[in-house]
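The file start.cif contains mmCIF, N, CA and C atoms:
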```
data_protein
loop_
_atom_site.group_PDB
_atom_site.id
_atom_site.type_symbol
_atom_site.label_atom_id
_atom_site.label_comp_id
_atom_site.auth_asym_id
_atom_site.auth_seq_id
_atom_site.Cartn_x
_atom_site.Cartn_y
_atom_site.Cartn_z
ATOM 1 N N MET A 1 -16.579 6.960 -6.714
ATOM 2 C CA MET A 1 -15.358 6.497 -7.351
ATOM 3 C C MET A 1 -15.683 5.245 -8.146
ATOM 4 N N ASP A 2 -15.159 5.157 -9.327
ATOM 5 C CA ASP A 2 -15.423 4.037 -10.213
ATOM 6 C C ASP A 2 -14.654 2.808 -9.749
ATOM 7 N N ARG A 3 -15.377 1.795 -9.308
ATOM 8 C CA ARG A 3 -14.757 0.571 -8.799
ATOM 9 C C ARG A 3 -13.977 -0.177 -9.875
ATOM 10 N N ASN A 4 -14.357 -0.031 -11.152
ATOM 11 C CA ASN A 4 -13.657 -0.734 -12.223
ATOM 12 C C ASN A 4 -12.248 -0.202 -12.428
ATOM 13 N N ASN A 5 -12.030 1.072 -12.177
ATOM 14 C CA ASN A 5 -10.721 1.691 -12.372
ATOM 15 C C ASN A 5 -9.904 1.758 -11.095
ATOM 16 N N GLN A 6 -10.483 1.410 -9.986
ATOM 17 C CA GLN A 6 -9.823 1.514 -8.703
ATOM 18 C C GLN A 6 -9.060 0.235 -8.401
ATOM 19 N N VAL A 7 -7.829 0.395 -7.967
ATOM 20 C CA VAL A 7 -7.051 -0.744 -7.515
ATOM 21 C C VAL A 7 -7.617 -1.152 -6.164
ATOM 22 N N THR A 8 -7.998 -2.402 -6.032
ATOM 23 C CA THR A 8 -8.595 -2.830 -4.781
ATOM 24 C C THR A 8 -7.525 -3.069 -3.732
ATOM 25 N N THR A 9 -7.922 -2.985 -2.490
ATOM 26 C CA THR A 9 -7.011 -3.258 -1.396
ATOM 27 C C THR A 9 -6.494 -4.686 -1.486
ATOM 28 N N ALA A 10 -7.354 -5.596 -1.895
ATOM 29 C CA ALA A 10 -6.933 -6.990 -2.035
ATOM 30 C C ALA A 10 -5.826 -7.126 -3.073
ATOM 31 N N GLN A 11 -5.923 -6.388 -4.175
ATOM 32 C CA GLN A 11 -4.874 -6.439 -5.196
ATOM 33 C C GLN A 11 -3.562 -5.892 -4.641
ATOM 34 N N LEU A 12 -3.633 -4.793 -3.906
ATOM 35 C CA LEU A 12 -2.427 -4.229 -3.306
ATOM 36 C C LEU A 12 -1.828 -5.181 -2.283
ATOM 37 N N LEU A 13 -2.690 -5.770 -1.474
ATOM 38 C CA LEU A 13 -2.219 -6.699 -0.455
ATOM 39 C C LEU A 13 -1.545 -7.906 -1.093
ATOM 40 N N THR A 14 -2.141 -8.442 -2.146
ATOM 41 C CA THR A 14 -1.561 -9.594 -2.834
ATOM 42 C C THR A 14 -0.184 -9.251 -3.381
ATOM 43 N N LYS A 15 -0.069 -8.099 -4.007
ATOM 44 C CA LYS A 15 1.202 -7.660 -4.575
ATOM 45 C C LYS A 15 2.241 -7.454 -3.472
ATOM 46 N N ALA A 16 1.836 -6.826 -2.395
ATOM 47 C CA ALA A 16 2.757 -6.564 -1.295
ATOM 48 C C ALA A 16 3.214 -7.856 -0.625
ATOM 49 N N VAL A 17 2.293 -8.778 -0.418
ATOM 50 C CA VAL A 17 2.653 -10.046 0.219
ATOM 51 C C VAL A 17 3.623 -10.820 -0.653
ATOM 52 N N ARG A 18 3.389 -10.831 -1.969
ATOM 53 C CA ARG A 18 4.328 -11.484 -2.882
ATOM 54 C C ARG A 18 5.713 -10.879 -2.728
ATOM 55 N N GLY A 19 5.767 -9.572 -2.650
ATOM 56 C CA GLY A 19 7.047 -8.903 -2.491
ATOM 57 C C GLY A 19 7.690 -9.189 -1.149
ATOM 58 N N ILE A 20 6.896 -9.143 -0.100
ATOM 59 C CA ILE A 20 7.422 -9.400 1.240
ATOM 60 C C ILE A 20 7.944 -10.831 1.340
ATOM 61 N N ASN A 21 7.239 -11.768 0.755
ATOM 62 C CA ASN A 21 7.679 -13.161 0.803
ATOM 63 C C ASN A 21 8.974 -13.382 0.047
ATOM 64 N N ALA A 22 9.297 -12.473 -0.869
ATOM 65 C CA ALA A 22 10.520 -12.602 -1.647
ATOM 66 C C ALA A 22 11.700 -11.874 -1.015
ATOM 67 N N ILE A 23 11.472 -11.243 0.115
ATOM 68 C CA ILE A 23 12.540 -10.489 0.768
ATOM 69 C C ILE A 23 13.634 -11.438 1.246
ATOM 70 N N LYS A 24 14.871 -11.055 0.960
ATOM 71 C CA LYS A 24 16.004 -11.854 1.416
ATOM 72 C C LYS A 24 16.047 -11.837 2.943
ATOM 73 N N SER A 25 16.463 -12.918 3.506
ATOM 74 C CA SER A 25 16.481 -13.028 4.971
ATOM 75 C C SER A 25 17.802 -12.561 5.580
ATOM 76 N N THR A 26 18.692 -11.960 4.799
ATOM 77 C CA THR A 26 19.985 -11.536 5.323
ATOM 78 C C THR A 26 19.895 -10.311 6.227
ATOM 79 N N ARG A 27 18.820 -9.547 6.120
ATOM 80 C CA ARG A 27 18.651 -8.353 6.950
ATOM 81 C C ARG A 27 17.297 -8.430 7.664
ATOM 82 N N PRO A 28 17.197 -9.256 8.694
ATOM 83 C CA PRO A 28 15.881 -9.484 9.321
ATOM 84 C C PRO A 28 15.257 -8.237 9.936
ATOM 85 N N GLU A 29 16.059 -7.317 10.492
ATOM 86 C CA GLU A 29 15.469 -6.124 11.108
ATOM 87 C C GLU A 29 14.865 -5.212 10.050
ATOM 88 N N GLU A 30 15.530 -5.077 8.899
ATOM 89 C CA GLU A 30 14.959 -4.287 7.803
ATOM 90 C C GLU A 30 13.713 -4.970 7.249
ATOM 91 N N ARG A 31 13.777 -6.279 7.116
ATOM 92 C CA ARG A 31 12.651 -7.053 6.603
ATOM 93 C C ARG A 31 11.435 -6.872 7.514
ATOM 94 N N ASN A 32 11.651 -7.005 8.814
ATOM 95 C CA ASN A 32 10.538 -6.872 9.769
ATOM 96 C C ASN A 32 9.952 -5.470 9.756
ATOM 97 N N GLN A 33 10.814 -4.457 9.666
ATOM 98 C CA GLN A 33 10.332 -3.076 9.619
ATOM 99 C C GLN A 33 9.538 -2.835 8.346
ATOM 100 N N LEU A 34 10.035 -3.356 7.237
ATOM 101 C CA LEU A 34 9.330 -3.195 5.969
ATOM 102 C C LEU A 34 7.968 -3.877 6.005
ATOM 103 N N ILE A 35 7.931 -5.074 6.554
ATOM 104 C CA ILE A 35 6.650 -5.786 6.673
ATOM 105 C C ILE A 35 5.663 -4.961 7.488
ATOM 106 N N ASP A 36 6.110 -4.424 8.610
ATOM 107 C CA ASP A 36 5.236 -3.593 9.445
ATOM 108 C C ASP A 36 4.769 -2.347 8.698
ATOM 109 N N ASP A 37 5.690 -1.683 8.000
ATOM 110 C CA ASP A 37 5.341 -0.468 7.272
ATOM 111 C C ASP A 37 4.337 -0.749 6.156
ATOM 112 N N VAL A 38 4.553 -1.832 5.424
ATOM 113 C CA VAL A 38 3.642 -2.178 4.333
ATOM 114 C C VAL A 38 2.271 -2.547 4.879
ATOM 115 N N ARG A 39 2.227 -3.322 5.934
ATOM 116 C CA ARG A 39 0.934 -3.693 6.535
ATOM 117 C C ARG A 39 0.175 -2.457 7.023
ATOM 118 N N MET A 40 0.900 -1.534 7.653
ATOM 119 C CA MET A 40 0.252 -0.308 8.131
ATOM 120 C C MET A 40 -0.245 0.534 6.964
ATOM 121 N N ALA A 41 0.530 0.607 5.892
ATOM 122 C CA ALA A 41 0.113 1.379 4.722
ATOM 123 C C ALA A 41 -1.129 0.774 4.072
ATOM 124 N N ILE A 42 -1.184 -0.541 4.002
ATOM 125 C CA ILE A 42 -2.348 -1.218 3.422
ATOM 126 C C ILE A 42 -3.573 -1.017 4.315
ATOM 127 N N GLU A 43 -3.377 -1.124 5.611
ATOM 128 C CA GLU A 43 -4.484 -0.898 6.547
ATOM 129 C C GLU A 43 -4.993 0.542 6.453
ATOM 130 N N GLU A 44 -4.072 1.478 6.340
ATOM 131 C CA GLU A 44 -4.451 2.887 6.183
ATOM 132 C C GLU A 44 -5.272 3.089 4.913
ATOM 133 N N LEU A 45 -4.830 2.495 3.820
ATOM 134 C CA LEU A 45 -5.551 2.608 2.558
ATOM 135 C C LEU A 45 -6.937 1.989 2.663
ATOM 136 N N ASP A 46 -7.035 0.846 3.299
ATOM 137 C CA ASP A 46 -8.332 0.194 3.473
ATOM 138 C C ASP A 46 -9.271 1.062 4.304
ATOM 139 N N ASN A 47 -8.762 1.658 5.374
ATOM 140 C CA ASN A 47 -9.584 2.540 6.211
ATOM 141 C C ASN A 47 -10.044 3.780 5.450
ATOM 142 N N ILE A 48 -9.170 4.324 4.639
ATOM 143 C CA ILE A 48 -9.538 5.500 3.839
ATOM 144 C C ILE A 48 -10.653 5.148 2.861
ATOM 145 N N ARG A 49 -10.548 3.981 2.242
ATOM 146 C CA ARG A 49 -11.580 3.572 1.289
ATOM 147 C C ARG A 49 -12.914 3.306 1.984
ATOM 148 N N LYS A 50 -12.880 2.799 3.186
ATOM 149 C CA LYS A 50 -14.123 2.620 3.959
ATOM 150 C C LYS A 50 -14.720 3.987 4.299
ATOM 151 N N TYR A 51 -13.865 4.923 4.679
ATOM 152 C CA TYR A 51 -14.311 6.281 4.993
ATOM 153 C C TYR A 51 -14.969 6.917 3.770
ATOM 154 N N PHE A 52 -14.345 6.728 2.609
ATOM 155 C CA PHE A 52 -14.870 7.285 1.368
ATOM 156 C C PHE A 52 -16.297 6.813 1.097
ATOM 157 N N GLU A 53 -16.577 5.572 1.445
ATOM 158 C CA GLU A 53 -17.897 4.990 1.192
ATOM 159 C C GLU A 53 -18.993 5.604 2.074
ATOM 160 N N VAL A 54 -18.635 6.212 3.188
ATOM 161 C CA VAL A 54 -19.658 6.719 4.108
ATOM 162 C C VAL A 54 -19.831 8.235 4.087
ATOM 163 N N VAL A 55 -18.905 8.959 3.481
ATOM 164 C CA VAL A 55 -19.047 10.419 3.459
ATOM 165 C C VAL A 55 -19.884 10.849 2.267
ATOM 166 N N ASP A 56 -20.606 11.968 2.456
ATOM 167 C CA ASP A 56 -21.415 12.473 1.353
ATOM 168 C C ASP A 56 -21.210 13.972 1.103
ATOM 169 N N ASP A 57 -20.486 14.623 1.969
ATOM 170 C CA ASP A 57 -20.178 16.030 1.784
ATOM 171 C C ASP A 57 -19.078 16.154 0.715
ATOM 172 N N PRO A 58 -19.266 17.025 -0.272
ATOM 173 C CA PRO A 58 -18.277 17.154 -1.352
ATOM 174 C C PRO A 58 -16.856 17.453 -0.866
ATOM 175 N N GLU A 59 -16.730 18.254 0.173
ATOM 176 C CA GLU A 59 -15.394 18.560 0.693
ATOM 177 C C GLU A 59 -14.763 17.338 1.343
ATOM 178 N N LEU A 60 -15.564 16.537 2.024
ATOM 179 C CA LEU A 60 -15.031 15.323 2.643
ATOM 180 C C LEU A 60 -14.698 14.265 1.588
ATOM 181 N N ILE A 61 -15.451 14.253 0.522
ATOM 182 C CA ILE A 61 -15.138 13.341 -0.585
ATOM 183 C C ILE A 61 -13.790 13.733 -1.197
ATOM 184 N N ASP A 62 -13.586 15.025 -1.414
ATOM 185 C CA ASP A 62 -12.293 15.490 -1.928
ATOM 186 C C ASP A 62 -11.160 15.103 -0.976
ATOM 187 N N TYR A 63 -11.414 15.277 0.306
ATOM 188 C CA TYR A 63 -10.421 14.921 1.325
ATOM 189 C C TYR A 63 -10.105 13.425 1.273
ATOM 190 N N ALA A 64 -11.120 12.600 1.141
ATOM 191 C CA ALA A 64 -10.925 11.152 1.069
ATOM 192 C C ALA A 64 -10.120 10.772 -0.179
ATOM 193 N N ILE A 65 -10.406 11.425 -1.282
ATOM 194 C CA ILE A 65 -9.669 11.155 -2.519
ATOM 195 C C ILE A 65 -8.201 11.546 -2.354
ATOM 196 N N TYR A 66 -7.963 12.686 -1.762
ATOM 197 C CA TYR A 66 -6.588 13.148 -1.518
ATOM 198 C C TYR A 66 -5.842 12.157 -0.633
ATOM 199 N N ARG A 67 -6.485 11.727 0.452
ATOM 200 C CA ARG A 67 -5.847 10.773 1.369
ATOM 201 C C ARG A 67 -5.592 9.437 0.689
ATOM 202 N N GLU A 68 -6.525 8.999 -0.173
ATOM 203 C CA GLU A 68 -6.332 7.727 -0.872
ATOM 204 C C GLU A 68 -5.119 7.808 -1.798
ATOM 205 N N LYS A 69 -5.014 8.888 -2.540
ATOM 206 C CA LYS A 69 -3.863 9.059 -3.435
ATOM 207 C C LYS A 69 -2.559 9.062 -2.639
ATOM 208 N N ALA A 70 -2.567 9.743 -1.512
ATOM 209 C CA ALA A 70 -1.369 9.799 -0.669
ATOM 210 C C ALA A 70 -1.020 8.408 -0.133
ATOM 211 N N ALA A 71 -2.015 7.639 0.269
ATOM 212 C CA ALA A 71 -1.768 6.300 0.801
ATOM 213 C C ALA A 71 -1.226 5.372 -0.282
ATOM 214 N N ILE A 72 -1.745 5.499 -1.496
ATOM 215 C CA ILE A 72 -1.251 4.686 -2.610
ATOM 216 C C ILE A 72 0.203 5.047 -2.908
ATOM 217 N N MET A 73 0.503 6.337 -2.885
ATOM 218 C CA MET A 73 1.882 6.773 -3.136
ATOM 219 C C MET A 73 2.826 6.265 -2.039
ATOM 220 N N LYS A 74 2.350 6.263 -0.810
ATOM 221 C CA LYS A 74 3.170 5.782 0.301
ATOM 222 C C LYS A 74 3.469 4.296 0.136
ATOM 223 N N LEU A 75 2.463 3.509 -0.189
ATOM 224 C CA LEU A 75 2.662 2.079 -0.381
ATOM 225 C C LEU A 75 3.599 1.825 -1.563
ATOM 226 N N SER A 76 3.409 2.548 -2.625
ATOM 227 C CA SER A 76 4.278 2.422 -3.791
ATOM 228 C C SER A 76 5.719 2.763 -3.418
ATOM 229 N N TYR A 77 5.891 3.816 -2.655
ATOM 230 C CA TYR A 77 7.225 4.210 -2.195
ATOM 231 C C TYR A 77 7.886 3.088 -1.397
ATOM 232 N N LEU A 78 7.157 2.509 -0.466
ATOM 233 C CA LEU A 78 7.716 1.447 0.367
ATOM 234 C C LEU A 78 8.163 0.252 -0.467
ATOM 235 N N LEU A 79 7.356 -0.125 -1.437
ATOM 236 C CA LEU A 79 7.704 -1.271 -2.270
ATOM 237 C C LEU A 79 8.888 -0.950 -3.188
ATOM 238 N N LYS A 80 8.924 0.269 -3.725
ATOM 239 C CA LYS A 80 10.062 0.667 -4.558
ATOM 240 C C LYS A 80 11.346 0.751 -3.732
ATOM 241 N N LYS A 81 11.228 1.259 -2.518
ATOM 242 C CA LYS A 81 12.385 1.356 -1.628
ATOM 243 C C LYS A 81 12.949 -0.028 -1.338
ATOM 244 N N ALA A 82 12.076 -0.963 -1.073
ATOM 245 C CA ALA A 82 12.521 -2.329 -0.801
ATOM 246 C C ALA A 82 13.228 -2.922 -2.014
ATOM 247 N N LYS A 83 12.682 -2.660 -3.180
ATOM 248 C CA LYS A 83 13.303 -3.175 -4.396
ATOM 249 C C LYS A 83 14.654 -2.504 -4.636
ATOM 250 N N LYS A 84 14.719 -1.199 -4.478
ATOM 251 C CA LYS A 84 15.954 -0.446 -4.699
ATOM 252 C C LYS A 84 17.051 -0.907 -3.750
ATOM 253 N N ASN A 85 16.710 -1.165 -2.516
ATOM 254 C CA ASN A 85 17.679 -1.599 -1.512
ATOM 255 C C ASN A 85 17.958 -3.094 -1.576
ATOM 256 N N GLU A 86 17.459 -3.705 -2.642
ATOM 257 C CA GLU A 86 17.660 -5.127 -2.891
ATOM 258 C C GLU A 86 17.144 -6.004 -1.757
ATOM 259 N N LEU A 87 16.086 -5.549 -1.133
ATOM 260 C CA LEU A 87 15.420 -6.390 -0.141
ATOM 261 C C LEU A 87 14.430 -7.322 -0.833
ATOM 262 N N LEU A 88 14.103 -6.998 -2.070
ATOM 263 C CA LEU A 88 13.168 -7.825 -2.826
ATOM 264 C C LEU A 88 13.890 -8.545 -3.947
ATOM 265 N N LYS A 89 13.520 -9.770 -4.168
ATOM 266 C CA LYS A 89 14.081 -10.557 -5.269
ATOM 267 C C LYS A 89 13.224 -10.462 -6.507
ATOM 268 N N CYS A 90 11.954 -10.104 -6.347
ATOM 269 C CA CYS A 90 11.030 -10.140 -7.466
ATOM 270 C C CYS A 90 11.169 -8.890 -8.338
ATOM 271 N N ARG A 91 10.733 -9.003 -9.592
ATOM 272 C CA ARG A 91 10.854 -7.902 -10.543
ATOM 273 C C ARG A 91 9.514 -7.277 -10.879
ATOM 274 N N HIS A 92 8.412 -7.798 -10.389
ATOM 275 C CA HIS A 92 7.090 -7.320 -10.798
ATOM 276 C C HIS A 92 6.612 -6.118 -10.026
ATOM 277 N N ILE A 93 7.384 -5.596 -9.119
ATOM 278 C CA ILE A 93 6.967 -4.432 -8.343
ATOM 279 C C ILE A 93 7.584 -3.189 -8.950
#
```

For the file at hand, write its structure as structure tokens.
Amino acid sequence: MDRNNQVTTAQLLTKAVRGINAIKSTRPEERNQLIDDVRMAIEELDNIRKYFEVVDDPELIDYAIYREKAAIMKLSYLLKKAKKNELLKCRHI
């Protein structure tokens, strides 16, 4: 996988943390659940990328790519959901 075109986990984490820090405190249970979900999604993505680095079988590489795309979509969904539900104040997500 081309590292120049790949969004790094650090970039995703930075973006997510910025968003989480902007969450309104009026709904603490939703905020806490969102924080947990985003952290788990980022951890999942990081683990998938580590897995990708160690596999060499073409079928497992395809599997790793599929899982990475799914993890990115999941994280994107969580951040969009937070924005849609007005849990986020920021506009850059």

Distance in Å - atom C of Tyr63 (chain A) versus atom C of Ala41 (chain A): 15.8 Å

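Those residues returned by the PyMOL selection byres (((chain A and resi 71 and name CA) around 12) and name CA) for this file are A:Thr9, A:Leu12, A:Asp37, A:Val38, A:Arg39, A:Met40, A:Ala41, A:Ile42, A:Glu43, A:Glu44, A:Leu45, A:Asp46, A:Asn47, A:Ile48, A:Arg49, A:Ala64, A:Ile65, A:Tyr66, A:Arg67, A:Glu68, A:Lys69, A:Ala70, A:Ile72, A:Met73, A:Lys74, A:Leu75, A:Ser76, A:Tyr77, A:Leu78.
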
For atom N of Leu34 (chain A) and atom N of Lys50 (chain A), the interatomic separation in Å (one decimal):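 Computing the Euclidean distance for atom N of Leu34 (chain A) and atom N of Lys50 (chain A) yields 24.1 Å.
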
Pairwise distance for CA of Ile35 (chain A) and atom N of Phe52 (chain A), rounded to one decimal in Å: 24.8 Å

Which of region 17-74 of chain A DSSP labels helix (DSSP H, G or I), written as an MDAnalysis selection string: chainID A and resid 17:21 28:54 58:74
